[in-house]
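The structure under discussion appears below in the form of structure tokens.
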Amino acid sequence: MKRTIPGETKLVVCVKHRFTLWSVPPELPAAVQRRWPEMKVVHLREYDCLAEELRDADIFAGYSLRAEQFAGARKLQWIHSTAAGVSQLMYPELRASGVVVTNASGVHAVPIAEHLLGAVIALARHFPAAVRYQLNRRWAQQEFWDGPQRPRELAGQVLLIIGFGAIGRELARRVRPLGMNIHAVTRSGKADSELADCVFPASRLLDALPKADFVVLAAPETPETWRMISAAQLAAMKPSAFLMNIARGTLVDETALIAALERRTIAGAALDVAEQEPLPPESPLWELDNVFLTPHLSGVSEQLWTRQTQLLLENLERWFD
């Protein structure tokens, strides 16, 4: 593949999302234009003109590109996804094309790790239940102690992180000072020994789950991870263990999870993602008192587009070098 030079490069940037933070702000294309004034940078705020602009584009930066849009982008050499996940791009035409695909891996690591740290503490100390009691003006000290799960200390607890990429490693760095034992599940069974006390290959997930007090899903969405947590995996968890998902809703069999939560065969769950988003009003997850829900907020940060811009600039430097 012959890479372009800045003066002969057209970059198209387009992300339009119902959640305004996910849409590209004008500061990102402006930063690219300042760095390479000779480059043609097109920022689209809507998808209406995307197919037309892609016809002579060399690089596309955005969340998704449909197969029919990709087919018309005859000059396209590189797609940069502003999301960490790229399953939405993995259709056969693109996979067979030789077009380079990069993603925003690492951009969300800090806020998601902090979100997970907060959720671990919230679950261990029963903060969601405390809020419910507060709303009812009820001083429920005895109820907390007599409940199915007593407030616990984190020191000595096992945190199992499934998927030990940028997010998993960032979380491990934050929880290690709390005295937790960190176990990891990776595809290869290998991970940084300074961050993980014990590492399992993905093929041994059922061996890892019974040891865990908190199970964090931080794996990418792939055919191999689809519903990797189903009835068998939930049954392997301790009755006192919590499941936490900040990855994708498709990694969990939601029906099996709801059944386990209703029967209290696991202690509870902290869910930032769901199989269907927004979560439908009729979902039983809204009503379960052992579920802590957040509306896909774990990656939200005022620093998001600063990091996104820096990553794209660094990748463009590599492209032109």
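Numbering starts fresh at 1 for the residues of each chain in the structure tokens, the chains themselves are lettered A, B, ... in the order given, and ligands are numbered from 1 as they appear.
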Tell me, as a PyMOL selection string, which residues lie within 12 Å of stretch 32-41 of chain A, counting only C-alpha atoms; anything in the same chain fewer than 4 positions away does not count. chain A and resi 4-14+26-28+53-54+56-61+308-317+320
Inset, instruction - Give me every alpha helix (DSSP H) residue in stretch 41-282 of chain A, going by DSSP on the backbone, as number ranges by chain. - result: A: 50-54, 67-71, 92-95, 109-124, 127-135, 141-146, 166-175, 205-208, 231-236, 254-263
Item to complete: Find the residues around A:Ala155 up to 6 Å (only C-alpha atoms counted), leave out those fewer than 3 positions away in its own chain, and share them as a list in words.
Response: Leu178, Gly179 and Met180 of chain A
Using only C-alpha atoms, what table do you get, as JSON lines, when you list each residue of stretch 39-127 of chain A with an atom no more than 8 Å from stretch 240-258 of chain A, its nearest pair of atoms, and their distance in Å rounded to one decimal, rows by chain then rising number?
```
{"residue": "A:Ile112", "atom": "CA", "partner": "A:Ile246", "partner_atom": "CA", "distance": 7.6}
{"residue": "A:Leu116", "atom": "CA", "partner": "A:Met244", "partner_atom": "CA", "distance": 8.0}
{"residue": "A:Leu123", "atom": "CA", "partner": "A:Phe242", "partner_atom": "CA", "distance": 7.8}
```
The selected residues should be written to file as a PDB file, in the first residue's frame (atoms: all heavy atoms).
```pdb
ATOM      1  N   ILE A 112     -13.046   4.638  32.657  1.00  0.00           N
ATOM      2  CA  ILE A 112     -13.705   3.358  32.907  1.00  0.00           C
ATOM      3  C   ILE A 112     -13.097   2.675  34.131  1.00  0.00           C
ATOM      4  O   ILE A 112     -13.820   2.095  34.959  1.00  0.00           O
ATOM      5  CB  ILE A 112     -13.649   2.454  31.671  1.00  0.00           C
ATOM      6  CG1 ILE A 112     -14.504   3.043  30.544  1.00  0.00           C
ATOM      7  CG2 ILE A 112     -14.124   1.037  32.007  1.00  0.00           C
ATOM      8  CD1 ILE A 112     -14.528   2.219  29.273  1.00  0.00           C
ATOM      9  N   LEU A 116     -15.201   1.697  37.416  1.00  0.00           N
ATOM     10  CA  LEU A 116     -15.209   0.358  37.997  1.00  0.00           C
ATOM     11  C   LEU A 116     -14.755   0.372  39.447  1.00  0.00           C
ATOM     12  O   LEU A 116     -15.322  -0.339  40.290  1.00  0.00           O
ATOM     13  CB  LEU A 116     -14.318  -0.574  37.180  1.00  0.00           C
ATOM     14  CG  LEU A 116     -14.910  -1.059  35.858  1.00  0.00           C
ATOM     15  CD1 LEU A 116     -13.830  -1.671  34.971  1.00  0.00           C
ATOM     16  CD2 LEU A 116     -16.021  -2.076  36.116  1.00  0.00           C
ATOM     17  N   LEU A 123     -20.588  -1.541  45.572  1.00  0.00           N
ATOM     18  CA  LEU A 123     -21.183  -2.851  45.799  1.00  0.00           C
ATOM     19  C   LEU A 123     -20.742  -3.440  47.133  1.00  0.00           C
ATOM     20  O   LEU A 123     -21.547  -4.014  47.871  1.00  0.00           O
ATOM     21  CB  LEU A 123     -20.816  -3.797  44.657  1.00  0.00           C
ATOM     22  CG  LEU A 123     -21.411  -3.465  43.284  1.00  0.00           C
ATOM     23  CD1 LEU A 123     -20.846  -4.402  42.221  1.00  0.00           C
ATOM     24  CD2 LEU A 123     -22.931  -3.545  43.296  1.00  0.00           C
TER      25      LEU A 123
END
```
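Using only C-alpha atoms, the smallest distance between any of A:Met237, A:Val216, A:Leu271, A:Ala130 and A:Pro151 comes from A:Ala130.
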Original post:
What lies within 12 Å of A:Gln141 using only C-alpha atoms, ignoring chain neighbours under 3 positions off, as a PyMOL selection string?
Top reply: chain A and resi 126+129-130+133-134+138+144-147+150-151
Extract the full set of strand (DSSP E or B) residues from stretch 66-280 of chain A according to DSSP on the backbone, and format it as a VMD selection string. chain A and resid 78 to 81 100 to 102 158 to 162 181 to 186 198 to 201 214 to 217 229 242 to 245 252 268 to 271
Keeping only N, CA, C and O atoms, write those residues as a CSV table (one decimal), in the first residue's frame.
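Okay, this is what ended up in result.csv:
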```csv
chain,number,residue,atom,x,y,z
A,78,TRP,N,-7.5,3.8,5.0
A,78,TRP,CA,-7.4,3.7,6.4
A,78,TRP,C,-8.7,4.2,7.0
A,78,TRP,O,-9.2,5.2,6.7
A,79,ILE,N,-9.2,3.4,8.0
A,79,ILE,CA,-10.4,3.7,8.8
A,79,ILE,C,-9.9,3.8,10.2
A,79,ILE,O,-9.4,2.8,10.8
A,80,HIS,N,-10.1,4.9,10.9
A,80,HIS,CA,-9.9,5.1,12.3
A,80,HIS,C,-11.2,5.1,13.0
A,80,HIS,O,-12.0,6.1,12.9
A,81,SER,N,-11.4,4.1,13.9
A,81,SER,CA,-12.6,4.1,14.7
A,81,SER,C,-12.5,4.9,15.9
A,81,SER,O,-11.5,4.7,16.7
A,100,VAL,N,-6.5,-0.5,6.2
A,100,VAL,CA,-6.0,-0.5,7.6
A,100,VAL,C,-7.2,0.0,8.5
A,100,VAL,O,-7.9,0.9,8.2
A,101,VAL,N,-7.3,-0.7,9.7
A,101,VAL,CA,-8.3,-0.3,10.7
A,101,VAL,C,-7.6,-0.1,12.0
A,101,VAL,O,-6.9,-1.0,12.5
A,102,THR,N,-7.8,1.1,12.6
A,102,THR,CA,-7.2,1.4,13.9
A,102,THR,C,-8.4,1.8,14.8
A,102,THR,O,-9.5,2.1,14.3
A,158,VAL,N,-10.9,-11.3,45.9
A,158,VAL,CA,-10.4,-11.6,44.6
A,158,VAL,C,-11.2,-10.8,43.5
A,158,VAL,O,-12.4,-11.0,43.4
A,159,LEU,N,-10.5,-10.0,42.7
A,159,LEU,CA,-11.1,-9.3,41.6
A,159,LEU,C,-10.6,-10.0,40.3
A,159,LEU,O,-9.4,-10.0,40.0
A,160,LEU,N,-11.6,-10.6,39.6
A,160,LEU,CA,-11.3,-11.3,38.4
A,160,LEU,C,-11.6,-10.3,37.2
A,160,LEU,O,-12.7,-9.9,37.0
A,161,ILE,N,-10.6,-10.0,36.4
A,161,ILE,CA,-10.8,-9.1,35.2
A,161,ILE,C,-10.7,-10.0,34.0
A,161,ILE,O,-9.6,-10.5,33.7
A,162,ILE,N,-11.8,-10.0,33.3
A,162,ILE,CA,-11.9,-10.8,32.0
A,162,ILE,C,-11.6,-9.9,30.9
A,162,ILE,O,-12.4,-9.0,30.5
A,181,ASN,N,-6.7,-9.1,45.6
A,181,ASN,CA,-6.0,-10.1,44.8
A,181,ASN,C,-6.5,-10.0,43.4
A,181,ASN,O,-7.7,-10.2,43.2
A,182,ILE,N,-5.6,-9.8,42.4
A,182,ILE,CA,-6.1,-9.6,41.0
A,182,ILE,C,-5.8,-10.8,40.2
A,182,ILE,O,-4.7,-11.3,40.0
A,183,HIS,N,-6.9,-11.4,39.7
A,183,HIS,CA,-6.8,-12.5,38.7
A,183,HIS,C,-7.3,-12.0,37.4
A,183,HIS,O,-8.1,-11.0,37.3
A,184,ALA,N,-6.7,-12.5,36.3
A,184,ALA,CA,-7.0,-12.1,35.0
A,184,ALA,C,-7.3,-13.3,34.1
A,184,ALA,O,-6.8,-14.4,34.3
A,185,VAL,N,-8.2,-13.1,33.1
A,185,VAL,CA,-8.5,-14.0,32.0
A,185,VAL,C,-8.1,-13.3,30.7
A,185,VAL,O,-8.6,-12.3,30.4
A,186,THR,N,-7.2,-13.9,30.0
A,186,THR,CA,-6.8,-13.4,28.7
A,186,THR,C,-6.9,-14.5,27.6
A,186,THR,O,-7.0,-15.7,28.0
A,198,CYS,N,-2.6,-13.9,39.2
A,198,CYS,CA,-2.9,-15.2,38.6
A,198,CYS,C,-3.6,-15.0,37.3
A,198,CYS,O,-4.4,-14.1,37.2
A,199,VAL,N,-3.2,-15.7,36.3
A,199,VAL,CA,-3.7,-15.5,34.9
A,199,VAL,C,-4.2,-16.8,34.4
A,199,VAL,O,-3.5,-17.9,34.5
A,200,PHE,N,-5.4,-16.8,33.8
A,200,PHE,CA,-6.0,-18.0,33.2
A,200,PHE,C,-6.2,-17.7,31.7
A,200,PHE,O,-6.6,-16.6,31.3
A,201,PRO,N,-6.1,-18.7,30.9
A,201,PRO,CA,-6.5,-18.6,29.5
A,201,PRO,C,-8.0,-18.6,29.4
A,201,PRO,O,-8.7,-19.1,30.3
A,214,PHE,N,-15.4,-10.5,42.8
A,214,PHE,CA,-15.9,-9.5,41.9
A,214,PHE,C,-15.4,-10.0,40.5
A,214,PHE,O,-14.2,-10.2,40.3
A,215,VAL,N,-16.3,-10.0,39.5
A,215,VAL,CA,-16.0,-10.4,38.1
A,215,VAL,C,-16.2,-9.2,37.2
A,215,VAL,O,-17.4,-8.8,37.1
A,216,VAL,N,-15.2,-8.8,36.6
A,216,VAL,CA,-15.3,-7.6,35.7
A,216,VAL,C,-15.2,-8.1,34.2
A,216,VAL,O,-14.2,-8.7,33.9
A,217,LEU,N,-16.1,-7.7,33.4
A,217,LEU,CA,-16.0,-8.0,32.0
A,217,LEU,C,-15.5,-6.7,31.3
A,217,LEU,O,-16.1,-5.7,31.2
A,229,ILE,N,-20.6,-15.1,29.2
A,229,ILE,CA,-21.2,-15.3,30.6
A,229,ILE,C,-22.7,-15.7,30.4
A,229,ILE,O,-23.5,-14.9,30.0
A,242,PHE,N,-20.1,-10.6,42.8
A,242,PHE,CA,-20.8,-9.6,42.0
A,242,PHE,C,-20.2,-9.7,40.5
A,242,PHE,O,-19.0,-9.9,40.3
A,243,LEU,N,-21.1,-9.5,39.6
A,243,LEU,CA,-20.7,-9.4,38.1
A,243,LEU,C,-20.8,-7.9,37.7
A,243,LEU,O,-21.7,-7.2,38.0
A,244,MET,N,-19.7,-7.5,37.0
A,244,MET,CA,-19.7,-6.1,36.6
A,244,MET,C,-19.4,-6.1,35.1
A,244,MET,O,-18.4,-6.7,34.6
A,245,ASN,N,-20.2,-5.4,34.3
A,245,ASN,CA,-20.0,-5.3,32.8
A,245,ASN,C,-19.9,-3.9,32.3
A,245,ASN,O,-20.8,-3.1,32.4
A,252,VAL,N,-23.0,-11.0,27.7
A,252,VAL,CA,-23.8,-11.7,28.8
A,252,VAL,C,-25.1,-12.2,28.2
A,252,VAL,O,-25.8,-11.4,27.5
A,268,GLY,N,-25.1,-9.9,43.1
A,268,GLY,CA,-25.6,-8.8,42.4
A,268,GLY,C,-24.8,-8.4,41.2
A,268,GLY,O,-23.9,-9.2,40.8
A,269,ALA,N,-25.1,-7.3,40.5
A,269,ALA,CA,-24.4,-6.9,39.3
A,269,ALA,C,-24.4,-5.4,39.2
A,269,ALA,O,-25.3,-4.7,39.7
A,270,ALA,N,-23.3,-4.9,38.6
A,270,ALA,CA,-23.2,-3.5,38.2
A,270,ALA,C,-23.1,-3.5,36.7
A,270,ALA,O,-22.1,-4.1,36.2
A,271,LEU,N,-24.1,-2.9,36.1
A,271,LEU,CA,-24.1,-3.0,34.6
A,271,LEU,C,-24.1,-1.6,34.0
A,271,LEU,O,-25.0,-0.8,34.3
```
inquiry  = List as a VMD selection string the protein and nucleic acid residues near A:Glu114, meaning an atom at most 9 Å away when only C-alpha atoms are counted, but skip any in the same chain fewer than 4 places from it.
reply    = chain A and resid 109 to 110 118 to 119 170 to 171 174 298
Would you kindly return, as number ranges by chain, each protein, DNA or RNA residue with an atom no farther than 9 Å from any atom of A:His296, considering only C-alpha atoms and excluding same-chain residues fewer than 5 positions away? A: 246, 271-274, 277-278
Same residues, N, CA and C atoms, output as a short mmCIF file (atom, residue, chain, number, x, y, z; two decimals), in the first residue's frame:
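Written output follows (result.cif):
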```cif
data_model
loop_
_atom_site.label_atom_id
_atom_site.label_comp_id
_atom_site.auth_asym_id
_atom_site.auth_seq_id
_atom_site.Cartn_x
_atom_site.Cartn_y
_atom_site.Cartn_z
N ILE A 246 -18.72 -3.57 31.80
CA ILE A 246 -18.53 -2.27 31.13
C ILE A 246 -18.14 -2.46 29.68
N LEU A 271 -24.06 -2.94 36.05
CA LEU A 271 -24.14 -3.01 34.59
C LEU A 271 -24.13 -1.61 33.99
N ASP A 272 -23.14 -1.37 33.13
CA ASP A 272 -23.08 -0.10 32.40
C ASP A 272 -23.54 -0.27 30.96
N VAL A 273 -23.74 -1.51 30.55
CA VAL A 273 -24.16 -1.82 29.18
C VAL A 273 -25.27 -2.87 29.23
N ALA A 274 -26.01 -2.98 28.15
CA ALA A 274 -27.11 -3.94 28.07
C ALA A 274 -27.20 -4.50 26.66
N GLU A 277 -29.78 -1.19 23.98
CA GLU A 277 -29.61 0.15 24.56
C GLU A 277 -30.35 1.17 23.70
N PRO A 278 -31.10 2.09 24.35
CA PRO A 278 -31.35 2.18 25.79
C PRO A 278 -32.07 0.93 26.32
#
```
Query - Atom-to-atom span, atom CA of A:Leu50 and atom CA of A:Ala96, Å - result: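 Here the two named atoms are 22.2 Å from each other.
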Of A:Ser87, A:Gly98, A:Leu209, A:Asn290, the one sitting nearest A:Trp226 when using only C-alpha atoms is A:Ser87
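The environment of A:Gly106 within 8 Å, counting only C-alpha atoms and disregarding residues fewer than 5 places along the same chain, consists of A:Ala84, A:Ala166, A:Ile167.
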message: Considering only C-alpha atoms, can you say which of A:Ala260, A:Leu288, A:Met1, A:Leu304 comes closest to A:Ala231?
response: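 So, comparing all the options, the nearest one is A:Ala260.
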How far is it from atom CA of A:Trp22 to atom CA of A:Val175, in Å with one decimal?
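That distance, rounded to one decimal, is 28.1 Å.
Of note, atom CA of A:Gln276 and atom CA of A:Val107 are spaced 23.9 Å apart.
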Between A:Val131, A:Ala208, A:Leu234, A:Ala218, which has the minimum distance to A:His108 (counting only C-alpha atoms)?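 Of the candidates, the smallest distance to A:His108 is held by A:Ala218.
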